[in-house]
Amino acid sequence: MRRAQAYPEEQNNAPRTLLRMKKQVKEERIAAVKKRSSTYLKKFTVAVFGEARTGKSSLIRTFLGETFKNDYEPTIEDFYSKQIVYNDKNYQVDIIDTCGTENFPAMRKVDINKADAILLVYSLDNPRSFERLRELREEVFQERGIGLPVMVVANKSDVVIDGHALEMKMNDGSLVNTKYVAEKEWNVLWTITSAKMAWGIEDMVHGLIDAFYARRAQTLPTKGSSWLKRSPILNSLRRKSK
Ligand SMILES: Nc1nc2c(ncn2[C@@H]2O[C@H](COP(=O)(O)OP(=O)(O)OP(=O)(O)O)[C@@H](O)[C@H]2O)c(=O)[nH]1
Ligand SMILES: [Mg+2]
């Protein structure tokens, strides 16, 4: 009986075809993992503090895509959530809006401990609102140390007439450059916004996310350290924070 014989070319191509198939399967697997990690929703919680009427709720509303309101309604405490895509990653940004009219230190402590990042808002037409941030920043540092990104937000930039607006006259009569004080003395981030004109709000949130991941990558041990090699959880955290 005659047996079907493979042609010599087919015999030679068989290992190559197998290799190609293996490569294809591997590529499909990598693509699936990449897709899964980009659709994975990272939760990011921001707590917003500052004096009454500085525009905390207005900033949040503008971030959520709502229309700006001229009328004022004091906040007790509110929670908001929005999903955003930033640098090909999906985030669920949870925001804690706090009360500026009353001082609730116990509530603030709880909020600080829930947060991945803090916004400290002052209004460019109210120097006292900037002075108040000094104490708030101190509370945050005492509670969470330097590991938590803090951003000072100069809101109501639409009411500012000239470039000297960042220099505010304080109660003691001194002229203070608020950006300089925030960045150099308090060691925090600083940004400028207008909730009314929807200026700078995306940059504010993106800046906080960047700072959060930069800090997290810094606080994790370096790749070469021996105990890290034994820690798959820390390794995967490092990969996620990139
Ligand atoms: N011109 C201008 N007005 C603003 C801006 N942001 C807020 N306001 C106004 O400032 C007032 C206070 O705004 P809110 O957002 O309620 O202030 P808040 O900081 O949440 O106040 P509390 O909830 O009491 O702590 C309102 O009348 C707003 O319309 C802004 O960027 N520009
Ligand atoms: Mg409010």
# chains A, B, ... in the order shown; residues from 1 in each chain; ligands from 1

call {"tool": "residues_near_ligand", "arguments": {"ligand": "ligand 1", "cutoff": "7 Å", "atoms": "only C-alpha atoms and all ligand atoms", "output": "PDB file with N, CA and C atoms, in the first residue's frame"}}
result
ATOM      1  N   GLY A  50     -10.850  74.566  51.839  1.00  0.00           N
ATOM      2  CA  GLY A  50     -10.599  76.003  51.656  1.00  0.00           C
ATOM      3  C   GLY A  50     -11.715  76.804  52.277  1.00  0.00           C
ATOM      4  N   GLU A  51     -11.453  78.111  52.430  1.00  0.00           N
ATOM      5  CA  GLU A  51     -12.451  79.032  53.023  1.00  0.00           C
ATOM      6  C   GLU A  51     -13.770  79.004  52.260  1.00  0.00           C
ATOM      7  N   ALA A  52     -14.805  79.495  52.929  1.00  0.00           N
ATOM      8  CA  ALA A  52     -16.110  79.627  52.277  1.00  0.00           C
ATOM      9  C   ALA A  52     -16.011  80.592  51.097  1.00  0.00           C
ATOM     10  N   ARG A  53     -16.798  80.329  50.083  1.00  0.00           N
ATOM     11  CA  ARG A  53     -16.938  81.202  48.906  1.00  0.00           C
ATOM     12  C   ARG A  53     -15.696  81.289  48.025  1.00  0.00           C
ATOM     13  N   THR A  54     -14.742  80.414  48.217  1.00  0.00           N
ATOM     14  CA  THR A  54     -13.553  80.483  47.348  1.00  0.00           C
ATOM     15  C   THR A  54     -13.825  79.819  45.987  1.00  0.00           C
ATOM     16  N   GLY A  55     -14.900  79.027  45.920  1.00  0.00           N
ATOM     17  CA  GLY A  55     -15.264  78.416  44.642  1.00  0.00           C
ATOM     18  C   GLY A  55     -15.005  76.921  44.565  1.00  0.00           C
ATOM     19  N   LYS A  56     -14.929  76.254  45.696  1.00  0.00           N
ATOM     20  CA  LYS A  56     -14.658  74.799  45.702  1.00  0.00           C
ATOM     21  C   LYS A  56     -15.753  74.048  44.928  1.00  0.00           C
ATOM     22  N   SER A  57     -17.011  74.299  45.339  1.00  0.00           N
ATOM     23  CA  SER A  57     -18.123  73.582  44.688  1.00  0.00           C
ATOM     24  C   SER A  57     -18.226  73.980  43.217  1.00  0.00           C
ATOM     25  N   SER A  58     -17.960  75.247  42.925  1.00  0.00           N
ATOM     26  CA  SER A  58     -18.046  75.701  41.528  1.00  0.00           C
ATOM     27  C   SER A  58     -16.994  74.996  40.669  1.00  0.00           C
ATOM     28  N   LEU A  59     -15.778  74.837  41.217  1.00  0.00           N
ATOM     29  CA  LEU A  59     -14.723  74.135  40.471  1.00  0.00           C
ATOM     30  C   LEU A  59     -15.153  72.694  40.180  1.00  0.00           C
ATOM     31  N   PHE A  68     -21.981  76.940  35.166  1.00  0.00           N
ATOM     32  CA  PHE A  68     -21.555  77.755  36.310  1.00  0.00           C
ATOM     33  C   PHE A  68     -22.740  78.539  36.888  1.00  0.00           C
ATOM     34  N   LYS A  69     -22.821  78.576  38.232  1.00  0.00           N
ATOM     35  CA  LYS A  69     -23.908  79.330  38.879  1.00  0.00           C
ATOM     36  C   LYS A  69     -23.332  80.546  39.587  1.00  0.00           C
ATOM     37  N   ASN A  70     -23.977  81.701  39.380  1.00  0.00           N
ATOM     38  CA  ASN A  70     -23.523  82.905  40.069  1.00  0.00           C
ATOM     39  C   ASN A  70     -23.968  82.950  41.522  1.00  0.00           C
ATOM     40  N   ASP A  71     -25.073  82.276  41.820  1.00  0.00           N
ATOM     41  CA  ASP A  71     -25.576  82.331  43.194  1.00  0.00           C
ATOM     42  C   ASP A  71     -24.800  81.349  44.085  1.00  0.00           C
ATOM     43  N   TYR A  72     -24.823  81.686  45.358  1.00  0.00           N
ATOM     44  CA  TYR A  72     -24.003  80.946  46.324  1.00  0.00           C
ATOM     45  C   TYR A  72     -24.856  80.099  47.253  1.00  0.00           C
ATOM     46  N   GLU A  73     -24.475  78.839  47.365  1.00  0.00           N
ATOM     47  CA  GLU A  73     -25.160  77.937  48.293  1.00  0.00           C
ATOM     48  C   GLU A  73     -24.094  77.218  49.108  1.00  0.00           C
ATOM     49  N   PRO A  74     -24.013  77.481  50.433  1.00  0.00           N
ATOM     50  CA  PRO A  74     -22.943  76.862  51.226  1.00  0.00           C
ATOM     51  C   PRO A  74     -23.037  75.332  51.243  1.00  0.00           C
ATOM     52  N   THR A  75     -21.897  74.713  51.282  1.00  0.00           N
ATOM     53  CA  THR A  75     -21.832  73.246  51.301  1.00  0.00           C
ATOM     54  C   THR A  75     -21.673  72.759  52.741  1.00  0.00           C
ATOM     55  N   ILE A  76     -22.287  71.643  53.074  1.00  0.00           N
ATOM     56  CA  ILE A  76     -21.961  70.958  54.335  1.00  0.00           C
ATOM     57  C   ILE A  76     -20.908  69.898  53.997  1.00  0.00           C
ATOM     58  N   THR A  98     -16.052  69.925  50.674  1.00  0.00           N
ATOM     59  CA  THR A  98     -16.195  70.165  52.120  1.00  0.00           C
ATOM     60  C   THR A  98     -16.781  71.544  52.417  1.00  0.00           C
ATOM     61  N   CYS A  99     -17.013  71.762  53.697  1.00  0.00           N
ATOM     62  CA  CYS A  99     -17.669  72.979  54.161  1.00  0.00           C
ATOM     63  C   CYS A  99     -16.631  74.064  54.462  1.00  0.00           C
ATOM     64  N   GLY A 100     -16.844  75.260  53.919  1.00  0.00           N
ATOM     65  CA  GLY A 100     -15.922  76.356  54.218  1.00  0.00           C
ATOM     66  C   GLY A 100     -16.443  77.268  55.305  1.00  0.00           C
ATOM     67  N   THR A 101     -17.753  77.229  55.530  1.00  0.00           N
ATOM     68  CA  THR A 101     -18.337  78.166  56.496  1.00  0.00           C
ATOM     69  C   THR A 101     -18.082  77.763  57.950  1.00  0.00           C
ATOM     70  N   ASN A 155      -8.183  80.307  42.640  1.00  0.00           N
ATOM     71  CA  ASN A 155      -9.402  80.361  41.815  1.00  0.00           C
ATOM     72  C   ASN A 155      -9.865  81.808  41.600  1.00  0.00           C
ATOM     73  N   LYS A 156     -10.826  81.957  40.726  1.00  0.00           N
ATOM     74  CA  LYS A 156     -11.426  83.245  40.316  1.00  0.00           C
ATOM     75  C   LYS A 156     -10.414  84.091  39.557  1.00  0.00           C
ATOM     76  N   SER A 157      -9.612  83.451  38.726  1.00  0.00           N
ATOM     77  CA  SER A 157      -8.612  84.212  37.962  1.00  0.00           C
ATOM     78  C   SER A 157      -9.291  85.158  36.977  1.00  0.00           C
ATOM     79  N   ASP A 158     -10.575  84.940  36.696  1.00  0.00           N
ATOM     80  CA  ASP A 158     -11.288  85.859  35.782  1.00  0.00           C
ATOM     81  C   ASP A 158     -11.504  87.244  36.389  1.00  0.00           C
ATOM     82  N   VAL A 159     -11.432  87.349  37.740  1.00  0.00           N
ATOM     83  CA  VAL A 159     -11.632  88.668  38.361  1.00  0.00           C
ATOM     84  C   VAL A 159     -10.314  89.441  38.485  1.00  0.00           C
ATOM     85  N   THR A 193      -6.930  78.812  38.335  1.00  0.00           N
ATOM     86  CA  THR A 193      -8.159  78.371  37.657  1.00  0.00           C
ATOM     87  C   THR A 193      -9.201  79.494  37.643  1.00  0.00           C
ATOM     88  N   SER A 194     -10.209  79.249  36.837  1.00  0.00           N
ATOM     89  CA  SER A 194     -11.451  80.017  36.969  1.00  0.00           C
ATOM     90  C   SER A 194     -12.586  79.017  36.745  1.00  0.00           C
ATOM     91  N   ALA A 195     -13.362  78.818  37.814  1.00  0.00           N
ATOM     92  CA  ALA A 195     -14.510  77.907  37.671  1.00  0.00           C
ATOM     93  C   ALA A 195     -15.515  78.535  36.717  1.00  0.00           C
ATOM     94  N   LYS A 196     -15.605  79.863  36.760  1.00  0.00           N
ATOM     95  CA  LYS A 196     -16.568  80.579  35.935  1.00  0.00           C
ATOM     96  C   LYS A 196     -16.267  80.402  34.439  1.00  0.00           C
ATOM     97  N   MET A 197     -15.001  80.560  34.083  1.00  0.00           N
ATOM     98  CA  MET A 197     -14.620  80.479  32.673  1.00  0.00           C
ATOM     99  C   MET A 197     -14.156  79.077  32.259  1.00  0.00           C
TER     100      MET A 197
END

call {"tool": "select_by_dssp", "arguments": {"residues": "region 131-178 of chain A", "states": "strand (DSSP E)", "output": "count of residues only"}}
result
12

call {"tool": "closest_residue", "arguments": {"among": "A:Val181, A:Leu18, A:Glu77, A:Val93", "to": "ligand 2", "atoms": "only C-alpha atoms and all ligand atoms"}}
result
A:Glu77

call {"tool": "closest_residue", "arguments": {"among": "A:Asp125, A:Asp78, A:Glu135, A:Glu143", "to": "Ala106 (chain A)", "atoms": "only C-alpha atoms"}}
result
A:Glu143

call {"tool": "select_by_dssp", "arguments": {"residues": "region 8-226 of chain A", "states": "helix (DSSP H, G or I)", "output": "PyMOL selection string"}}
result
chain A and resi 8-39+56-63+105-114+127-147+157-159+163-166+178-185+201-219+226

call {"tool": "atom_distance", "arguments": {"atom1": "CA of Gly207 (chain A)", "atom2": "CA of Val176 (chain A)"}}
result
24.2 Å

call {"tool": "closest_residue", "arguments": {"among": "A:Ile30, A:Ile60, A:Ala214, A:Ala182", "to": "ligand 2", "atoms": "only C-alpha atoms and all ligand atoms"}}
result
A:Ile60

call {"tool": "closest_residue", "arguments": {"among": "A:Leu175, A:Val85, A:Ala47, A:Ile118", "to": "Leu208 (chain A)", "atoms": "only C-alpha atoms"}}
result
A:Ile118

call {"tool": "closest_residue", "arguments": {"among": "A:Phe49, A:Val150, A:Asn126, A:Asn90", "to": "Asn103 (chain A)", "atoms": "only C-alpha atoms"}}
result
A:Phe49

call {"tool": "residues_around", "arguments": {"residues": "Thr178 (chain A)", "least_positions_apart": "5", "cutoff": "9 Å", "atoms": "only C-alpha atoms", "output": "list in words"}}
result
Phe130, Ala154, Leu166, Glu167, Met168, Glu183 and Trp190 of chain A

call {"tool": "decode", "arguments": {"residues": "region 148-178 of chain A", "atoms": "N, CA and C atoms", "output": "PDB file, in the first residue's frame"}}
result
ATOM      1  N   LEU A 148       1.432  62.511  50.378  1.00  0.00           N
ATOM      2  CA  LEU A 148       0.163  62.829  49.715  1.00  0.00           C
ATOM      3  C   LEU A 148       0.317  64.098  48.864  1.00  0.00           C
ATOM      4  N   PRO A 149      -0.014  64.033  47.557  1.00  0.00           N
ATOM      5  CA  PRO A 149       0.106  65.252  46.754  1.00  0.00           C
ATOM      6  C   PRO A 149      -0.913  66.312  47.183  1.00  0.00           C
ATOM      7  N   VAL A 150      -0.406  67.526  47.354  1.00  0.00           N
ATOM      8  CA  VAL A 150      -1.269  68.650  47.743  1.00  0.00           C
ATOM      9  C   VAL A 150      -1.104  69.746  46.690  1.00  0.00           C
ATOM     10  N   MET A 151      -2.233  70.268  46.218  1.00  0.00           N
ATOM     11  CA  MET A 151      -2.158  71.342  45.229  1.00  0.00           C
ATOM     12  C   MET A 151      -2.956  72.555  45.718  1.00  0.00           C
ATOM     13  N   VAL A 152      -2.278  73.700  45.742  1.00  0.00           N
ATOM     14  CA  VAL A 152      -2.955  74.948  46.082  1.00  0.00           C
ATOM     15  C   VAL A 152      -3.546  75.519  44.792  1.00  0.00           C
ATOM     16  N   VAL A 153      -4.826  75.902  44.865  1.00  0.00           N
ATOM     17  CA  VAL A 153      -5.531  76.358  43.657  1.00  0.00           C
ATOM     18  C   VAL A 153      -5.936  77.824  43.820  1.00  0.00           C
ATOM     19  N   ALA A 154      -5.416  78.668  42.934  1.00  0.00           N
ATOM     20  CA  ALA A 154      -5.778  80.095  42.932  1.00  0.00           C
ATOM     21  C   ALA A 154      -6.995  80.248  42.029  1.00  0.00           C
ATOM     22  N   ASN A 155      -8.183  80.307  42.640  1.00  0.00           N
ATOM     23  CA  ASN A 155      -9.402  80.361  41.815  1.00  0.00           C
ATOM     24  C   ASN A 155      -9.865  81.808  41.600  1.00  0.00           C
ATOM     25  N   LYS A 156     -10.826  81.957  40.726  1.00  0.00           N
ATOM     26  CA  LYS A 156     -11.426  83.245  40.316  1.00  0.00           C
ATOM     27  C   LYS A 156     -10.414  84.091  39.557  1.00  0.00           C
ATOM     28  N   SER A 157      -9.612  83.451  38.726  1.00  0.00           N
ATOM     29  CA  SER A 157      -8.612  84.212  37.962  1.00  0.00           C
ATOM     30  C   SER A 157      -9.291  85.158  36.977  1.00  0.00           C
ATOM     31  N   ASP A 158     -10.575  84.940  36.696  1.00  0.00           N
ATOM     32  CA  ASP A 158     -11.288  85.859  35.782  1.00  0.00           C
ATOM     33  C   ASP A 158     -11.504  87.244  36.389  1.00  0.00           C
ATOM     34  N   VAL A 159     -11.432  87.349  37.740  1.00  0.00           N
ATOM     35  CA  VAL A 159     -11.632  88.668  38.361  1.00  0.00           C
ATOM     36  C   VAL A 159     -10.314  89.441  38.485  1.00  0.00           C
ATOM     37  N   VAL A 160      -9.239  88.795  38.093  1.00  0.00           N
ATOM     38  CA  VAL A 160      -7.914  89.404  38.226  1.00  0.00           C
ATOM     39  C   VAL A 160      -7.660  90.331  37.045  1.00  0.00           C
ATOM     40  N   ILE A 161      -7.227  91.541  37.368  1.00  0.00           N
ATOM     41  CA  ILE A 161      -7.090  92.521  36.275  1.00  0.00           C
ATOM     42  C   ILE A 161      -5.677  92.520  35.683  1.00  0.00           C
ATOM     43  N   ASP A 162      -4.668  92.359  36.531  1.00  0.00           N
ATOM     44  CA  ASP A 162      -3.303  92.427  35.985  1.00  0.00           C
ATOM     45  C   ASP A 162      -2.416  91.276  36.482  1.00  0.00           C
ATOM     46  N   GLY A 163      -1.212  91.266  35.971  1.00  0.00           N
ATOM     47  CA  GLY A 163      -0.271  90.180  36.246  1.00  0.00           C
ATOM     48  C   GLY A 163       0.256  90.165  37.671  1.00  0.00           C
ATOM     49  N   HIS A 164      -0.035  91.229  38.456  1.00  0.00           N
ATOM     50  CA  HIS A 164       0.454  91.265  39.836  1.00  0.00           C
ATOM     51  C   HIS A 164      -0.516  90.617  40.815  1.00  0.00           C
ATOM     52  N   ALA A 165      -1.577  90.032  40.261  1.00  0.00           N
ATOM     53  CA  ALA A 165      -2.642  89.519  41.132  1.00  0.00           C
ATOM     54  C   ALA A 165      -2.157  88.444  42.091  1.00  0.00           C
ATOM     55  N   LEU A 166      -1.066  87.756  41.733  1.00  0.00           N
ATOM     56  CA  LEU A 166      -0.591  86.691  42.615  1.00  0.00           C
ATOM     57  C   LEU A 166       0.080  87.274  43.855  1.00  0.00           C
ATOM     58  N   GLU A 167       0.406  88.579  43.770  1.00  0.00           N
ATOM     59  CA  GLU A 167       0.968  89.244  44.944  1.00  0.00           C
ATOM     60  C   GLU A 167      -0.196  89.811  45.732  1.00  0.00           C
ATOM     61  N   MET A 168      -0.466  89.210  46.873  1.00  0.00           N
ATOM     62  CA  MET A 168      -1.629  89.629  47.652  1.00  0.00           C
ATOM     63  C   MET A 168      -1.194  90.374  48.906  1.00  0.00           C
ATOM     64  N   LYS A 169      -1.983  91.387  49.257  1.00  0.00           N
ATOM     65  CA  LYS A 169      -1.695  92.153  50.470  1.00  0.00           C
ATOM     66  C   LYS A 169      -2.339  91.438  51.652  1.00  0.00           C
ATOM     67  N   MET A 170      -1.498  91.007  52.591  1.00  0.00           N
ATOM     68  CA  MET A 170      -2.007  90.241  53.727  1.00  0.00           C
ATOM     69  C   MET A 170      -2.492  91.175  54.840  1.00  0.00           C
ATOM     70  N   ASN A 171      -3.082  90.588  55.883  1.00  0.00           N
ATOM     71  CA  ASN A 171      -3.634  91.377  56.989  1.00  0.00           C
ATOM     72  C   ASN A 171      -2.591  92.283  57.624  1.00  0.00           C
ATOM     73  N   ASP A 172      -1.332  91.813  57.717  1.00  0.00           N
ATOM     74  CA  ASP A 172      -0.277  92.620  58.353  1.00  0.00           C
ATOM     75  C   ASP A 172       0.311  93.656  57.388  1.00  0.00           C
ATOM     76  N   GLY A 173      -0.264  93.767  56.223  1.00  0.00           N
ATOM     77  CA  GLY A 173       0.174  94.770  55.257  1.00  0.00           C
ATOM     78  C   GLY A 173       1.262  94.299  54.309  1.00  0.00           C
ATOM     79  N   SER A 174       1.824  93.099  54.566  1.00  0.00           N
ATOM     80  CA  SER A 174       2.907  92.606  53.711  1.00  0.00           C
ATOM     81  C   SER A 174       2.368  92.146  52.359  1.00  0.00           C
ATOM     82  N   LEU A 175       3.239  92.276  51.347  1.00  0.00           N
ATOM     83  CA  LEU A 175       2.882  91.835  49.999  1.00  0.00           C
ATOM     84  C   LEU A 175       3.470  90.437  49.784  1.00  0.00           C
ATOM     85  N   VAL A 176       2.630  89.469  49.489  1.00  0.00           N
ATOM     86  CA  VAL A 176       3.092  88.081  49.405  1.00  0.00           C
ATOM     87  C   VAL A 176       2.796  87.496  48.031  1.00  0.00           C
ATOM     88  N   ASN A 177       3.814  86.886  47.426  1.00  0.00           N
ATOM     89  CA  ASN A 177       3.578  86.176  46.171  1.00  0.00           C
ATOM     90  C   ASN A 177       3.083  84.767  46.512  1.00  0.00           C
ATOM     91  N   THR A 178       1.801  84.538  46.292  1.00  0.00           N
ATOM     92  CA  THR A 178       1.162  83.302  46.775  1.00  0.00           C
ATOM     93  C   THR A 178       1.707  82.052  46.087  1.00  0.00           C
TER      94      THR A 178
END
